[in-house]
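Raw data36.cif, mmCIF, C-alpha atoms and all ligand atoms:
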data_query
#
loop_
_atom_site.label_atom_id
_atom_site.label_comp_id
_atom_site.auth_asym_id
_atom_site.auth_seq_id
_atom_site.Cartn_x
_atom_site.Cartn_y
_atom_site.Cartn_z
CA MET A 298 0.00 0.00 0.00
CA ASP A 299 1.23 3.47 -0.73
CA LYS A 300 1.56 6.08 1.95
CA GLU A 301 -1.68 7.77 1.09
CA ARG A 302 -3.27 9.48 4.03
CA TRP A 303 -5.54 7.74 6.45
CA LYS A 304 -9.13 8.84 6.47
CA GLU A 305 -9.85 9.61 10.12
CA ILE A 306 -13.21 9.16 11.84
CA HIS A 307 -13.46 10.22 15.47
CA TYR A 308 -16.21 9.65 18.05
CA GLU A 309 -16.44 11.33 21.41
CA GLU A 310 -18.21 8.23 22.58
CA THR A 311 -18.98 4.93 20.90
CA ASP A 312 -19.49 1.29 21.82
CA SER A 313 -16.32 -0.05 20.20
CA THR A 314 -14.18 1.37 17.41
CA ASN A 315 -13.84 -2.18 16.03
CA LEU A 316 -17.63 -2.35 15.70
CA ARG A 317 -17.73 1.05 14.00
CA ALA A 318 -15.02 -0.03 11.54
CA LYS A 319 -16.84 -3.26 10.70
CA GLN A 320 -20.09 -1.43 10.15
CA TYR A 321 -18.34 1.07 7.87
CA ALA A 322 -16.80 -1.77 5.88
CA ARG A 323 -20.16 -3.47 5.44
CA GLU A 324 -21.76 -0.24 4.23
CA LEU A 325 -18.88 0.46 1.88
CA ARG A 326 -19.16 -3.00 0.40
CA GLU A 327 -22.78 -2.39 -0.50
CA GLU A 328 -21.88 0.86 -2.25
CA THR A 329 -18.62 0.18 -4.06
CA SER A 330 -17.67 -3.45 -3.98
CA GLN A 331 -14.57 -2.87 -6.10
CA THR A 332 -12.87 -0.35 -3.81
CA ARG A 333 -10.00 -2.24 -2.23
CA GLU A 334 -7.56 0.52 -1.43
CA ILE A 335 -8.97 1.90 1.76
CA LYS A 336 -7.22 3.13 4.87
CA VAL A 337 -9.58 4.35 7.54
CA VAL A 338 -8.79 4.90 11.20
CA PHE A 339 -11.56 5.08 13.81
CA THR A 340 -10.90 6.58 17.23
CA ALA A 341 -12.99 7.34 20.29
CA ASP A 342 -12.43 9.31 23.48
CA LEU A 343 -14.59 6.77 25.29
CA GLN A 344 -15.66 3.23 24.42
CA THR A 345 -18.71 1.96 26.28
CA ALA A 346 -18.25 -1.62 25.06
CA GLY A 347 -14.52 -1.93 24.36
CA ARG A 348 -13.68 -5.55 23.65
CA GLY A 349 -10.72 -7.86 23.86
CA ARG A 350 -10.36 -11.33 22.38
CA LEU A 351 -12.99 -13.99 23.01
CA GLY A 352 -15.50 -11.30 23.99
CA ARG A 353 -13.49 -10.09 26.98
CA VAL A 354 -13.99 -6.55 28.24
CA TRP A 355 -11.43 -3.87 27.38
CA GLU A 356 -11.49 -0.98 29.87
CA SER A 357 -11.54 2.22 27.79
CA PRO A 358 -12.21 5.20 30.05
CA LYS A 359 -12.78 8.66 28.63
CA GLY A 360 -9.75 10.55 27.41
CA ASP A 361 -7.32 8.22 29.15
CA GLY A 362 -6.17 6.21 26.19
CA LEU A 363 -5.86 5.75 22.50
CA TRP A 364 -8.78 3.58 21.44
CA MET A 365 -8.45 3.09 17.73
CA SER A 366 -9.22 0.67 14.90
CA LEU A 367 -7.60 0.46 11.49
CA LEU A 368 -9.71 -0.69 8.55
CA LEU A 369 -7.91 -2.17 5.55
CA ARG A 370 -8.82 -4.32 2.59
CA PRO A 371 -5.55 -6.06 1.77
CA GLU A 372 -5.19 -8.55 -1.09
CA LEU A 373 -4.37 -11.39 1.25
CA SER A 374 -5.47 -14.88 2.08
CA PRO A 375 -7.36 -15.22 5.36
CA ALA A 376 -4.45 -17.22 6.80
CA SER A 377 -2.23 -14.15 6.51
CA ALA A 378 -4.41 -11.93 8.69
CA SER A 379 -2.75 -12.96 11.93
CA MET A 380 0.51 -11.45 10.64
CA LEU A 381 -1.15 -8.06 10.75
CA THR A 382 -1.50 -8.34 14.51
CA LEU A 383 2.28 -8.62 14.74
CA ILE A 384 2.75 -5.68 12.39
CA ALA A 385 0.39 -3.64 14.56
CA ALA A 386 2.24 -4.65 17.73
CA LEU A 387 5.52 -3.50 16.23
CA ALA A 388 3.95 -0.24 15.07
CA ALA A 389 2.41 0.43 18.47
CA ALA A 390 5.69 -0.29 20.26
CA GLU A 391 7.67 1.99 17.98
CA GLY A 392 5.00 4.69 17.95
CA ILE A 393 4.89 4.77 21.74
CA GLU A 394 8.67 5.03 21.96
CA ASN A 395 8.70 7.89 19.48
CA VAL A 396 6.53 9.86 21.89
CA LEU A 397 7.92 8.84 25.28
CA SER A 398 11.03 7.20 26.62
CA VAL A 399 9.32 4.04 27.75
CA LYS A 400 10.73 0.66 26.76
CA THR A 401 7.96 -1.57 25.45
CA GLN A 402 8.14 -5.29 24.83
CA ILE A 403 5.80 -7.49 22.84
CA LYS A 404 4.11 -10.44 24.45
CA TRP A 405 3.15 -12.52 21.44
CA PRO A 406 0.81 -12.19 19.76
CA ASN A 407 -1.21 -9.19 20.85
CA ASP A 408 0.04 -7.50 24.00
CA LEU A 409 2.58 -4.79 24.68
CA VAL A 410 4.07 -4.84 28.13
CA VAL A 411 6.12 -2.39 30.15
CA ASN A 412 7.77 -3.55 33.37
CA GLY A 413 5.80 -6.78 33.19
CA LYS A 414 2.40 -5.12 32.89
CA LYS A 415 0.08 -4.75 29.92
CA ILE A 416 0.00 -1.31 28.38
CA CYS A 417 -1.59 -2.10 25.02
CA GLY A 418 -3.80 -4.82 23.58
CA ILE A 419 -4.61 -5.61 19.96
CA LEU A 420 -7.73 -7.24 18.55
CA THR A 421 -7.64 -8.20 14.86
CA GLU A 422 -10.90 -9.23 13.23
CA MET A 423 -11.67 -9.97 9.62
CA HIS A 424 -14.35 -10.81 7.14
CA ALA A 425 -13.25 -13.18 4.41
CA ASP A 426 -14.25 -15.97 2.09
CA LEU A 427 -12.11 -19.08 1.72
CA GLN A 428 -9.62 -17.47 -0.66
CA LYS A 429 -9.49 -13.82 0.16
CA ILE A 430 -9.88 -11.28 2.90
CA ASP A 431 -12.77 -8.91 2.35
CA TYR A 432 -11.74 -6.52 5.09
CA VAL A 433 -9.66 -6.56 8.23
CA VAL A 434 -10.04 -4.45 11.35
CA ILE A 435 -7.09 -4.04 13.69
CA GLY A 436 -8.13 -2.62 17.05
CA ILE A 437 -5.35 -1.11 19.15
CA GLY A 438 -5.90 0.07 22.71
CA VAL A 439 -3.09 1.97 24.42
CA ASN A 440 -3.40 2.95 28.08
CA ALA A 441 -2.08 6.49 28.04
CA ASN A 442 -3.13 8.65 30.94
CA MET A 443 -4.78 6.37 33.47
CA THR A 444 -3.73 7.16 37.01
CA GLY A 445 -5.05 3.83 38.28
CA PHE A 446 -7.03 0.72 37.30
CA PRO A 447 -9.97 -1.24 38.68
CA GLU A 448 -8.87 -3.65 41.38
CA GLU A 449 -8.96 -6.74 39.17
CA LEU A 450 -6.52 -5.12 36.71
CA GLN A 451 -4.15 -3.46 39.14
CA GLU A 452 -1.64 -6.30 39.11
CA LYS A 453 -1.52 -6.73 35.36
CA ALA A 454 -2.24 -3.39 33.69
CA THR A 455 -0.31 -0.16 33.51
CA SER A 456 -0.38 3.11 31.60
CA LEU A 457 2.18 5.35 29.96
CA TYR A 458 1.52 7.88 32.69
CA LEU A 459 2.14 5.36 35.47
CA CYS A 460 5.39 4.31 33.76
CA SER A 461 6.73 7.73 32.87
CA GLY A 462 4.94 10.30 35.00
CA GLN A 463 4.03 12.14 31.80
CA LYS A 464 0.64 12.72 30.21
CA THR A 465 0.43 11.87 26.51
CA ASP A 466 -1.75 13.35 23.82
CA PRO A 467 -3.65 10.37 22.32
CA ASP A 468 -3.77 12.16 18.97
CA LEU A 469 0.02 12.43 18.82
CA LEU A 470 0.27 8.77 19.76
CA LYS A 471 -2.14 7.93 16.97
CA GLN A 472 -0.12 9.80 14.35
CA GLU A 473 3.13 8.13 15.43
CA ILE A 474 1.62 4.65 15.47
CA LEU A 475 0.03 5.18 12.05
CA ALA A 476 3.35 6.34 10.59
CA SER A 477 5.09 3.28 12.01
CA PHE A 478 2.30 1.04 10.80
CA ASP A 479 2.67 2.42 7.26
CA HIS A 480 6.38 1.67 7.37
CA PHE A 481 6.09 -1.91 8.66
CA TYR A 482 3.06 -2.67 6.51
CA GLU A 483 4.94 -1.61 3.40
CA GLU A 484 7.78 -3.94 4.38
CA PHE A 485 5.25 -6.72 4.96
CA GLN A 486 3.71 -6.19 1.55
CA LYS A 487 7.10 -6.15 -0.15
CA CYS A 488 8.06 -9.51 1.36
CA GLY A 489 4.60 -11.09 1.43
CA ASP A 490 5.37 -12.23 4.97
CA LEU A 491 7.21 -11.10 8.10
CA SER A 492 10.73 -11.95 6.97
CA GLY A 493 11.60 -8.26 6.61
CA VAL A 494 10.60 -7.41 10.19
CA LYS A 495 11.35 -10.69 11.98
CA ASP A 496 14.66 -9.53 13.49
CA ILE A 497 13.32 -6.27 14.80
CA TYR A 498 10.22 -8.03 16.10
CA GLU A 499 12.30 -10.59 17.97
CA LYS A 500 14.34 -7.84 19.62
CA ARG A 501 11.13 -6.73 21.29
CA LEU A 502 9.74 -10.19 21.93
CA ALA A 503 9.39 -10.58 25.68
CA ASN A 504 8.79 -14.31 25.28
CA LYS A 505 12.09 -14.99 23.53
CA GLY A 506 14.49 -17.25 25.38
CA ARG A 507 12.00 -17.79 28.15
CA GLU A 508 10.07 -20.75 29.32
CA VAL A 509 6.50 -20.38 28.17
CA ARG A 510 3.40 -22.28 29.04
CA ILE A 511 1.08 -23.15 26.18
CA LEU A 512 -2.57 -23.26 27.05
CA PRO A 513 -4.34 -25.13 24.23
CA THR A 514 -7.54 -23.15 24.62
CA GLY A 515 -7.36 -20.53 21.89
CA ALA A 516 -8.96 -20.69 18.48
CA GLY A 517 -5.69 -20.82 16.54
CA ILE A 518 -3.98 -23.80 18.09
CA SER A 519 -2.39 -25.96 15.39
CA ASP A 520 -3.64 -29.50 14.87
CA GLU A 521 -0.64 -31.05 16.56
CA ASN A 522 -1.44 -29.18 19.77
CA ARG A 523 -5.20 -29.30 19.66
CA GLY A 524 -6.79 -31.23 22.46
CA SER A 525 -3.46 -31.67 24.17
CA GLU A 526 -2.71 -30.82 27.75
CA GLU A 527 -1.07 -27.60 28.77
CA TRP A 528 2.66 -27.88 28.07
CA THR A 529 5.80 -25.85 28.54
CA GLY A 530 8.80 -25.16 26.35
CA THR A 531 11.35 -22.51 25.51
CA CYS A 532 10.42 -19.75 23.10
CA LEU A 533 12.97 -19.47 20.30
CA GLY A 534 11.33 -16.59 18.41
CA ILE A 535 8.95 -16.39 15.47
CA ASN A 536 9.06 -17.67 11.91
CA GLU A 537 8.34 -15.59 8.81
CA LYS A 538 4.62 -16.32 9.14
CA GLY A 539 4.58 -14.87 12.63
CA GLU A 540 4.08 -18.21 14.34
CA LEU A 541 5.75 -18.68 17.70
CA LEU A 542 8.54 -21.27 17.76
CA ILE A 543 8.66 -23.34 20.92
CA GLN A 544 11.26 -25.91 21.74
CA ASP A 545 9.71 -28.77 23.66
CA THR A 546 11.59 -30.53 26.45
CA ASP A 547 12.37 -33.40 24.03
CA GLY A 548 14.19 -30.93 21.76
CA SER A 549 11.58 -30.82 19.00
CA VAL A 550 10.44 -27.41 17.78
CA LYS A 551 6.71 -26.74 17.47
CA THR A 552 4.91 -23.79 15.95
CA ILE A 553 2.01 -22.03 17.59
CA LEU A 554 -0.28 -20.17 15.23
CA SER A 555 -2.11 -17.97 17.68
CA GLY A 556 -4.18 -18.40 20.74
CA GLU A 557 -3.40 -18.43 24.36
CA VAL A 558 0.19 -18.52 25.44
CA SER A 559 0.89 -17.75 29.03
CA VAL A 560 4.42 -16.60 29.71
CA ARG A 561 6.04 -17.28 33.02
CA GLY A 562 7.98 -14.39 34.42
CA ILE A 563 6.59 -11.81 32.02
CA TYR A 564 3.57 -10.81 34.02
CA GLY A 565 3.91 -10.61 37.75
CA TYR A 566 0.56 -12.30 38.16
CA VAL A 567 1.40 -15.45 36.17
C1 LIG A 601 -6.83 -7.53 24.03
O1 LIG A 601 -7.61 -8.61 24.30
O2 LIG A 601 -5.83 -7.22 24.60
C2 LIG A 601 -7.36 -6.68 22.86
C3 LIG A 601 -7.71 -5.30 23.28
C4 LIG A 601 -8.09 -4.43 22.09
C5 LIG A 601 -8.66 -3.12 22.52
C6 LIG A 601 -8.90 -2.19 21.35
S1 LIG A 601 -9.34 -0.60 21.84
C7 LIG A 601 -9.82 -0.17 20.25
C8 LIG A 601 -10.52 -1.38 19.68
N1 LIG A 601 -11.93 -1.40 20.02
C9 LIG A 601 -12.26 -2.44 20.80
O3 LIG A 601 -13.40 -2.68 21.23
N2 LIG A 601 -11.15 -3.18 21.05
C10 LIG A 601 -9.99 -2.64 20.38
P1 LIG A 601 -7.22 -9.75 25.33
O4 LIG A 601 -5.85 -10.27 25.03
O5 LIG A 601 -8.34 -10.71 25.28
O6 LIG A 601 -7.14 -9.03 26.73
C11 LIG A 601 -8.29 -8.66 27.41
C12 LIG A 601 -7.96 -8.71 28.91
O7 LIG A 601 -7.06 -7.62 29.23
C13 LIG A 601 -9.17 -8.50 29.80
O8 LIG A 601 -9.81 -9.71 30.08
C14 LIG A 601 -8.55 -7.88 31.06
O9 LIG A 601 -8.00 -8.87 31.88
C15 LIG A 601 -7.39 -7.08 30.49
N3 LIG A 601 -7.73 -5.67 30.29
C16 LIG A 601 -8.95 -5.08 30.08
N4 LIG A 601 -8.83 -3.78 29.89
C17 LIG A 601 -7.51 -3.49 29.98
C18 LIG A 601 -6.74 -2.31 29.87
N5 LIG A 601 -7.27 -1.11 29.59
N6 LIG A 601 -5.39 -2.41 30.03
C19 LIG A 601 -4.80 -3.58 30.29
N7 LIG A 601 -5.47 -4.75 30.40
C20 LIG A 601 -6.81 -4.70 30.25
#
Represent the supplied structure as structure tokens.
Ligand code: BT5
Amino acid sequence: MDKERWKEIHYEETDSTNLRAKQYARELREETSQTREIKVVFTADLQTAGRGRLGRVWESPKGDGLWMSLLLRPELSPASASMLTLIAALAAAEGIENVLSVKTQIKWPNDLVVNGKKICGILTEMHADLQKIDYVVIGIGVNANMTGFPEELQEKATSLYLCSGQKTDPDLLKQEILASFDHFYEEFQKCGDLSGVKDIYEKRLANKGREVRILPTGAGISDENRGSEEWTGTCLGINEKGELLIQDTDGSVKTILSGEVSVRGIYGYV
């Protein structure tokens, strides 16, 4: 995709920017089914029904964060969509660091962590047929200015403010993350996979070199792991498709497509 400008749609309050993006895509499809080159970013000051994966709640209080969703219609197979989550994670990490001196790490596949606590979550959703993606929505939530969290999140969530003592303008954060996304997305399109960003991704990968626990509960568990018990191994990194490489205790290396991977020692609460 070229670096054409993002069309920006902002809400003071909405249910979820991912829902707004999906609705927009459905309406657009009815009007101009041939328009593939779209780049729309939806933001909200407040989300009343912010969502995480598997229908979980995403706390999105007013003015305290960057709650945004990117709508794209890439010429990709549905199997490639999960790579966009990794591209978004890289973009969010770099964008944040361009605004503040806070060192962010990526907890594969969809969390950014600072000092062992979650600062950003990503929710990628798509509409596709068997061969091709129709549209993809990448929701990115960054905790910017929260001064505290509800009790159940206190141990595992943090904000840029709590890490740096500085308030951040969500709009500036948005512009930086979009610029980084454009850069990494272009690299992704050039290669057709993540080979061009693998090294830089792995530098930020909190899981790398650590013992990780695989919980075979997520939707994207590969066949070899499906139905198996929870198991542990050492994370070696990712491959060019963005799958996590785990060395089992018997020395064999397995790939995890997506889903639930709990990482010992990354979050204080694990
Ligand atoms: C995620 O899900 O981390 C994806 C979050 C995506 C949020 C963005 S905001 C813009 C767009 N619009 C939406 O409606 N969503 C996207 P998951 O890995 O399932 O993590 C969810 C879990 O994180 C929850 O069950 C809580 O434990 C925790 N959590 C909730 N709110 C949080 C917050 N603000 N900061 C850190 N952790 C939070």
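Using all atoms listed in the file, the smallest distance between any of A:Ser379, A:Asn407, A:Gln486, A:Thr444 and ligand LIG 601 (chain A) comes from A:Asn407.
Atom pair atom CA of Leu512 of chain A / atom CA of Ile553 of chain A: separated by 10.6 Å.
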All residues 8 Å or closer to segment 353-358 of chain A, all atoms listed in the file, same chain fewer than 6 positions away omitted, as a ChimeraX atom specification = /A:342-347,364,438
Report, as lines of an AutoDock Vina configuration file, the axis-aligned box around all atoms of segment 350-368 of chain A present in the file, extended by 3 Å on each side; give centre and edge lengths in Å to one decimal place.
center_x = -10.7
center_y = -1.7
center_z = 19.3
size_x = 15.6
size_y = 30.5
size_z = 27.5
Out of A:Met365, A:Glu324, A:Leu450, A:Val410, which residue has the shortest atom-to-atom distance to Thr311 of chain A when counting all atoms listed in the file?
-> A:Met365
Residues at most 8 Å from ligand LIG 601 (chain A), using all atoms listed in the file? Could they come as number ranges by chain?
-> A: 312-316, 340, 344, 346-357, 363-366, 407-408, 414-420, 435-440, 446, 449-450, 453-456
Work out how far atom CA of Pro375 of chain A is from atom CA of Gln428 of chain A, in Å to one decimal.
-> 6.8 Å
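Atom pair atom CA of Lys538 of chain A / atom CA of Met380 of chain A has a distance of 6.5 Å (rounded to one decimal).
Using only C-alpha atoms, the shortest contact distance between Ala386 of chain A and any of A:Ile474, A:Leu459, A:Cys532, A:Leu325 is found at A:Ile474.
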Name the closest residue to Arg507 of chain A among the candidates A:Gln544, A:Gln463, A:Ser492, A:Gln472; distances are taken between atoms, counting all atoms listed in the file.
-> A:Gln544
What's the 10 Å shell around Ala378 of chain A, counting only C-alpha atoms, without same-chain residues fewer than 6 positions away, as a ChimeraX atom specification?
-> /A:371,421-423,425,430,432-435
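Distances from A:Val494, A:Leu533, A:Met443, A:Leu409 to Gly360 of chain A were compared using only C-alpha atoms, and the smallest one belongs to A:Met443.
Minimum atom-to-atom distances from A:Thr531, A:Ser549, A:Asn395, A:Ser374 to Arg510 of chain A were compared using all atoms listed in the file, and the lowest value belongs to A:Thr531.
Close contacts of segment 334-338 of chain A, defined as residues with an atom at most 8 Å away when counting all atoms listed in the file, with chain neighbours fewer than 3 positions off set aside, comprise A:Met298, A:Arg302, A:Trp303, A:Lys304, A:Glu305, A:Ile306, A:Ala318, A:Met365, A:Ser366, A:Leu367, A:Leu368, A:Leu369, A:Arg370, A:Pro371.
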Residues from last step as file, C-alpha atoms, as a CSV table (one decimal), in the frame of the given file:
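Wrote it out as part.csv, contents follow:
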chain,number,residue,atom,x,y,z
A,298,MET,CA,0.0,0.0,0.0
A,302,ARG,CA,-3.3,9.5,4.0
A,303,TRP,CA,-5.5,7.7,6.4
A,304,LYS,CA,-9.1,8.8,6.5
A,305,GLU,CA,-9.8,9.6,10.1
A,306,ILE,CA,-13.2,9.2,11.8
A,318,ALA,CA,-15.0,0.0,11.5
A,365,MET,CA,-8.4,3.1,17.7
A,366,SER,CA,-9.2,0.7,14.9
A,367,LEU,CA,-7.6,0.5,11.5
A,368,LEU,CA,-9.7,-0.7,8.6
A,369,LEU,CA,-7.9,-2.2,5.6
A,370,ARG,CA,-8.8,-4.3,2.6
A,371,PRO,CA,-5.6,-6.1,1.8
Show which residues sit within 12 Å of Ser398 of chain A, as a ChimeraX atom specification. Count only C-alpha atoms, and ignore same-chain residues fewer than 5 positions away.
-> /A:390-393,411,457-458,460-463,465
Contacts of Ala476 of chain A at 9 Å or less, counting all atoms listed in the file, minus same-chain residues fewer than 5 places along, as a list of chain:residue names?
-> A:Lys300, A:Ala388, A:Gly392, A:Lys471, A:Phe481
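Environment of (9.1, -26.3, 18.5): residues at most 12 Å away, judged by all atoms listed in the file, are Val509, Ile511, Ser519, Glu521, Asn522, Trp528, Thr529, Gly530, Thr531, Cys532, Leu533, Gly534, Ile535, Asn536, Glu540, Leu541, Leu542, Ile543, Gln544, Asp545, Thr546, Asp547, Gly548, Ser549, Val550, Lys551, Thr552, Ile553 and Leu554 of chain A.
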